[in-house]
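K.L.:
If you scroll down you'll find the structure; I have some questions about it.
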Amino acid sequence: MRVYVPSTLLGLAEAYETGELGAGPLVAYAVTPGLREWYLSDDIEELEYAALNRAALASLRLLATEPGAVRRRVVVAVDVPDGAATADPDRGLDPAALGEVRVAGPVPLAKAASVHVDAGDAEADVTAAVGALEAADGGDDDAQFVVDGAEDHELLWYATQEIPNLVGLGG
């Protein structure tokens, strides 16, 4: 099963150093029944893209807790065994939890299939989105527009071999 783990460049650097994304349970995003119902598509690529975007939004929330972090969203696509990721049935249709799963146990970085990161030109919009999160959560439509502006930037795809360069440890 493919899951999308939200992170930051600081979190990715730590995962590179330790060899794992986390000890678990880890919050990630995947194609869940609730996401399928919300997205109304049978196309698995579209559904996985929706899960990736949910993880990108969660990455914004992580950036809000890391004031010194580079303002780029990071999502790590990881293949985990079926059954390792479970969705909370009580939150399945909660708009804030669409696609959310918990991955039990440690998640080795070696299981990553790819990494998705904002380009440098997204930093201003991502910075603004991080600053607008609280107001958007409170129902401010203008703030929500700012948060949605980060989604105008497509995350770039990177092979796992490129992680050292992404986190500044490459040669």
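So you can find residues: chains in the structure tokens are A, B, ... in the order shown, residues in each start at 1, and ligands are numbered from 1 in order.
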Give the strand (DSSP E) residues of chain A, as assigned by DSSP on the backbone, as an MDAnalysis selection string.
P.N.:
chainID A and resid 2:7 20:22 26:29 74:79 85:86 100:103 107:108 112:117 156:158
K.L.:
Fewer than 5 positions away in the same chain doesn't count, so skip those; otherwise give me all residues within 12 Å of A:Arg54, counting only C-alpha atoms, as a PyMOL selection string.
P.N.:
chain A and resi 3-6+27-32+35+39+47-49+59-61+73-75+95-101+148+151
K.L.:
Please produce an output containing N, CA and C atoms for each residue in the selection, written as a PDB file, in the first residue's frame.
P.N.:
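Written file, again.pdb:
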ATOM      1  N   VAL A   3       1.512   5.038   0.936  1.00  0.00           N
ATOM      2  CA  VAL A   3       1.082   6.098   1.838  1.00  0.00           C
ATOM      3  C   VAL A   3       1.969   7.317   1.608  1.00  0.00           C
ATOM      4  N   TYR A   4       1.441   8.463   1.951  1.00  0.00           N
ATOM      5  CA  TYR A   4       2.140   9.728   1.759  1.00  0.00           C
ATOM      6  C   TYR A   4       2.346  10.358   3.132  1.00  0.00           C
ATOM      7  N   VAL A   5       3.615  10.478   3.517  1.00  0.00           N
ATOM      8  CA  VAL A   5       3.980  10.959   4.845  1.00  0.00           C
ATOM      9  C   VAL A   5       4.376  12.431   4.753  1.00  0.00           C
ATOM     10  N   PRO A   6       3.647  13.317   5.444  1.00  0.00           N
ATOM     11  CA  PRO A   6       4.027  14.730   5.441  1.00  0.00           C
ATOM     12  C   PRO A   6       5.298  14.935   6.248  1.00  0.00           C
ATOM     13  N   VAL A  27       1.429   9.477  11.298  1.00  0.00           N
ATOM     14  CA  VAL A  27       0.303   9.978  10.510  1.00  0.00           C
ATOM     15  C   VAL A  27       0.744  10.068   9.055  1.00  0.00           C
ATOM     16  N   ALA A  28      -0.081   9.531   8.189  1.00  0.00           N
ATOM     17  CA  ALA A  28       0.176   9.577   6.751  1.00  0.00           C
ATOM     18  C   ALA A  28      -1.166   9.715   6.039  1.00  0.00           C
ATOM     19  N   TYR A  29      -1.119   9.749   4.726  1.00  0.00           N
ATOM     20  CA  TYR A  29      -2.337   9.870   3.922  1.00  0.00           C
ATOM     21  C   TYR A  29      -2.301   8.815   2.836  1.00  0.00           C
ATOM     22  N   ALA A  30      -3.483   8.279   2.533  1.00  0.00           N
ATOM     23  CA  ALA A  30      -3.591   7.210   1.545  1.00  0.00           C
ATOM     24  C   ALA A  30      -4.972   7.253   0.921  1.00  0.00           C
ATOM     25  N   VAL A  31      -5.175   6.388  -0.060  1.00  0.00           N
ATOM     26  CA  VAL A  31      -6.485   6.270  -0.679  1.00  0.00           C
ATOM     27  C   VAL A  31      -7.351   5.431   0.261  1.00  0.00           C
ATOM     28  N   THR A  32      -8.202   6.109   1.016  1.00  0.00           N
ATOM     29  CA  THR A  32      -9.100   5.468   1.972  1.00  0.00           C
ATOM     30  C   THR A  32     -10.519   5.477   1.405  1.00  0.00           C
ATOM     31  N   LEU A  35     -11.793   9.020   1.369  1.00  0.00           N
ATOM     32  CA  LEU A  35     -11.208   9.830   0.293  1.00  0.00           C
ATOM     33  C   LEU A  35     -11.862   9.482  -1.045  1.00  0.00           C
ATOM     34  N   TYR A  39     -13.773  12.231  -3.225  1.00  0.00           N
ATOM     35  CA  TYR A  39     -13.190  12.627  -4.502  1.00  0.00           C
ATOM     36  C   TYR A  39     -14.029  12.188  -5.694  1.00  0.00           C
ATOM     37  N   LEU A  47      -6.763   9.536  -7.365  1.00  0.00           N
ATOM     38  CA  LEU A  47      -6.963   9.354  -5.930  1.00  0.00           C
ATOM     39  C   LEU A  47      -5.647   9.460  -5.167  1.00  0.00           C
ATOM     40  N   GLU A  48      -4.595   8.891  -5.716  1.00  0.00           N
ATOM     41  CA  GLU A  48      -3.287   9.002  -5.058  1.00  0.00           C
ATOM     42  C   GLU A  48      -2.796  10.451  -5.069  1.00  0.00           C
ATOM     43  N   TYR A  49      -3.084  11.175  -6.140  1.00  0.00           N
ATOM     44  CA  TYR A  49      -2.718  12.596  -6.210  1.00  0.00           C
ATOM     45  C   TYR A  49      -3.477  13.386  -5.133  1.00  0.00           C
ATOM     46  N   SER A  59       1.847  18.915   5.686  1.00  0.00           N
ATOM     47  CA  SER A  59       3.214  19.433   5.740  1.00  0.00           C
ATOM     48  C   SER A  59       3.205  20.922   6.112  1.00  0.00           C
ATOM     49  N   LEU A  60       2.223  21.670   5.601  1.00  0.00           N
ATOM     50  CA  LEU A  60       2.095  23.085   5.988  1.00  0.00           C
ATOM     51  C   LEU A  60       1.944  23.207   7.502  1.00  0.00           C
ATOM     52  N   ARG A  61       1.133  22.321   8.073  1.00  0.00           N
ATOM     53  CA  ARG A  61       0.902  22.360   9.517  1.00  0.00           C
ATOM     54  C   ARG A  61       2.184  22.031  10.289  1.00  0.00           C
ATOM     55  N   ARG A  73       7.034  22.584   1.323  1.00  0.00           N
ATOM     56  CA  ARG A  73       6.306  21.385   1.737  1.00  0.00           C
ATOM     57  C   ARG A  73       7.077  20.150   1.270  1.00  0.00           C
ATOM     58  N   VAL A  74       7.059  19.108   2.088  1.00  0.00           N
ATOM     59  CA  VAL A  74       7.747  17.859   1.777  1.00  0.00           C
ATOM     60  C   VAL A  74       6.785  16.705   2.051  1.00  0.00           C
ATOM     61  N   VAL A  75       6.701  15.786   1.092  1.00  0.00           N
ATOM     62  CA  VAL A  75       5.894  14.576   1.261  1.00  0.00           C
ATOM     63  C   VAL A  75       6.741  13.398   0.789  1.00  0.00           C
ATOM     64  N   PRO A  95     -14.001  16.109   7.056  1.00  0.00           N
ATOM     65  CA  PRO A  95     -13.205  16.790   6.023  1.00  0.00           C
ATOM     66  C   PRO A  95     -11.754  17.033   6.434  1.00  0.00           C
ATOM     67  N   ALA A  96     -11.501  17.230   7.724  1.00  0.00           N
ATOM     68  CA  ALA A  96     -10.136  17.476   8.182  1.00  0.00           C
ATOM     69  C   ALA A  96      -9.295  16.203   8.179  1.00  0.00           C
ATOM     70  N   ALA A  97      -9.935  15.039   8.101  1.00  0.00           N
ATOM     71  CA  ALA A  97      -9.202  13.779   8.205  1.00  0.00           C
ATOM     72  C   ALA A  97      -9.284  12.934   6.939  1.00  0.00           C
ATOM     73  N   LEU A  98      -9.742  13.506   5.838  1.00  0.00           N
ATOM     74  CA  LEU A  98      -9.876  12.726   4.604  1.00  0.00           C
ATOM     75  C   LEU A  98      -8.536  12.137   4.184  1.00  0.00           C
ATOM     76  N   GLY A  99      -8.502  10.835   4.023  1.00  0.00           N
ATOM     77  CA  GLY A  99      -7.285  10.151   3.598  1.00  0.00           C
ATOM     78  C   GLY A  99      -6.294   9.887   4.706  1.00  0.00           C
ATOM     79  N   GLU A 100      -6.580  10.349   5.911  1.00  0.00           N
ATOM     80  CA  GLU A 100      -5.627  10.187   7.018  1.00  0.00           C
ATOM     81  C   GLU A 100      -5.589   8.741   7.488  1.00  0.00           C
ATOM     82  N   VAL A 101      -4.379   8.243   7.676  1.00  0.00           N
ATOM     83  CA  VAL A 101      -4.168   6.898   8.205  1.00  0.00           C
ATOM     84  C   VAL A 101      -3.071   6.958   9.260  1.00  0.00           C
ATOM     85  N   ASP A 148      -4.886  28.080   0.222  1.00  0.00           N
ATOM     86  CA  ASP A 148      -5.090  27.383  -1.054  1.00  0.00           C
ATOM     87  C   ASP A 148      -4.055  27.803  -2.098  1.00  0.00           C
ATOM     88  N   GLU A 151      -1.272  25.490  -2.858  1.00  0.00           N
ATOM     89  CA  GLU A 151      -1.604  24.357  -3.722  1.00  0.00           C
ATOM     90  C   GLU A 151      -1.411  24.675  -5.207  1.00  0.00           C
TER      91      GLU A 151
END
K.L.:
In Å to one decimal, how far is atom CA of A:Glu14 from atom CA of A:Ala129?
P.N.:
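Those two atoms sit 24.1 Å apart.
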K.L.:
I'd like the neighbourhood of A:Val76 as a list of chain:residue names, where a residue qualifies if any of its atoms comes within 10 Å (using only C-alpha atoms), though same-chain residues fewer than 3 positions away should be ignored.
P.N.:
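My reading of the contact set: A:Val3, A:Tyr4, A:Val5, A:Pro6, A:Ser7, A:Thr8, A:Leu12, A:Leu21, A:Ala28, A:Leu52, A:Ala55, A:Ala56, A:Asp79, A:Leu109, A:Lys111, A:Ala112, A:Ala113, A:Ser114, A:Val115, A:His116, A:Val117, A:Trp157, A:Tyr158, A:Thr160.
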K.L.:
Using only C-alpha atoms, determine which residues lie at most 9 Å from A:Ile163, disregarding the query and same-chain residues fewer than 4 positions distant; provide the list as number ranges by chain.
P.N.:
A: 12-13, 16, 115, 158-159, 167-170
K.L.:
Can I get the selected residues back with N, CA, C and O atoms, as a tab-separated table (two decimals), in the first residue's frame?
P.N.:
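Ended up saving to out_34.tsv:
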chain	number	residue	atom	x	y	z
A	12	LEU	N	13.05	15.53	6.93
A	12	LEU	CA	13.66	14.64	5.95
A	12	LEU	C	15.14	14.44	6.26
A	12	LEU	O	15.66	13.32	6.15
A	13	ALA	N	15.82	15.50	6.67
A	13	ALA	CA	17.24	15.38	7.04
A	13	ALA	C	17.40	14.45	8.24
A	13	ALA	O	18.30	13.60	8.26
A	16	TYR	N	16.92	10.93	7.10
A	16	TYR	CA	18.10	10.47	6.37
A	16	TYR	C	19.20	10.04	7.35
A	16	TYR	O	19.86	9.02	7.14
A	115	VAL	N	10.22	11.20	-3.16
A	115	VAL	CA	10.05	12.36	-2.29
A	115	VAL	C	9.50	13.49	-3.16
A	115	VAL	O	9.91	13.66	-4.31
A	158	TYR	N	11.21	13.66	-6.69
A	158	TYR	CA	12.63	13.33	-6.56
A	158	TYR	C	12.77	11.85	-6.25
A	158	TYR	O	11.99	11.29	-5.47
A	159	ALA	N	13.79	11.25	-6.83
A	159	ALA	CA	14.14	9.87	-6.49
A	159	ALA	C	14.75	9.86	-5.09
A	159	ALA	O	15.33	10.86	-4.65
A	167	VAL	N	18.55	17.71	1.29
A	167	VAL	CA	18.74	18.15	2.68
A	167	VAL	C	20.11	18.77	2.92
A	167	VAL	O	20.49	19.03	4.04
A	168	GLY	N	20.86	19.00	1.83
A	168	GLY	CA	22.13	19.69	1.95
A	168	GLY	C	23.27	18.83	2.41
A	168	GLY	O	24.29	19.34	2.87
A	169	LEU	N	23.15	17.51	2.28
A	169	LEU	CA	24.22	16.63	2.71
A	169	LEU	C	24.95	15.99	1.53
A	169	LEU	O	25.83	15.18	1.72
A	170	GLY	N	24.51	16.35	0.32
A	170	GLY	CA	25.13	15.76	-0.87
A	170	GLY	C	26.44	16.45	-1.22
A	170	GLY	O	26.73	17.55	-0.77
K.L.:
Kindly give the distance, in Å, that separates atom CA of A:Val147 and atom CA of A:Val126, rounded to a single decimal.
P.N.:
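Spanning atom CA of A:Val147 to atom CA of A:Val126 is a straight-line distance of 7.8 Å.
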K.L.:
If you run DSSP on the backbone, which residues of stretch 15-83 of chain A are helix (DSSP H, G or I), as a ChimeraX atom specification?
P.N.:
/A:15-18,33-39,44-64
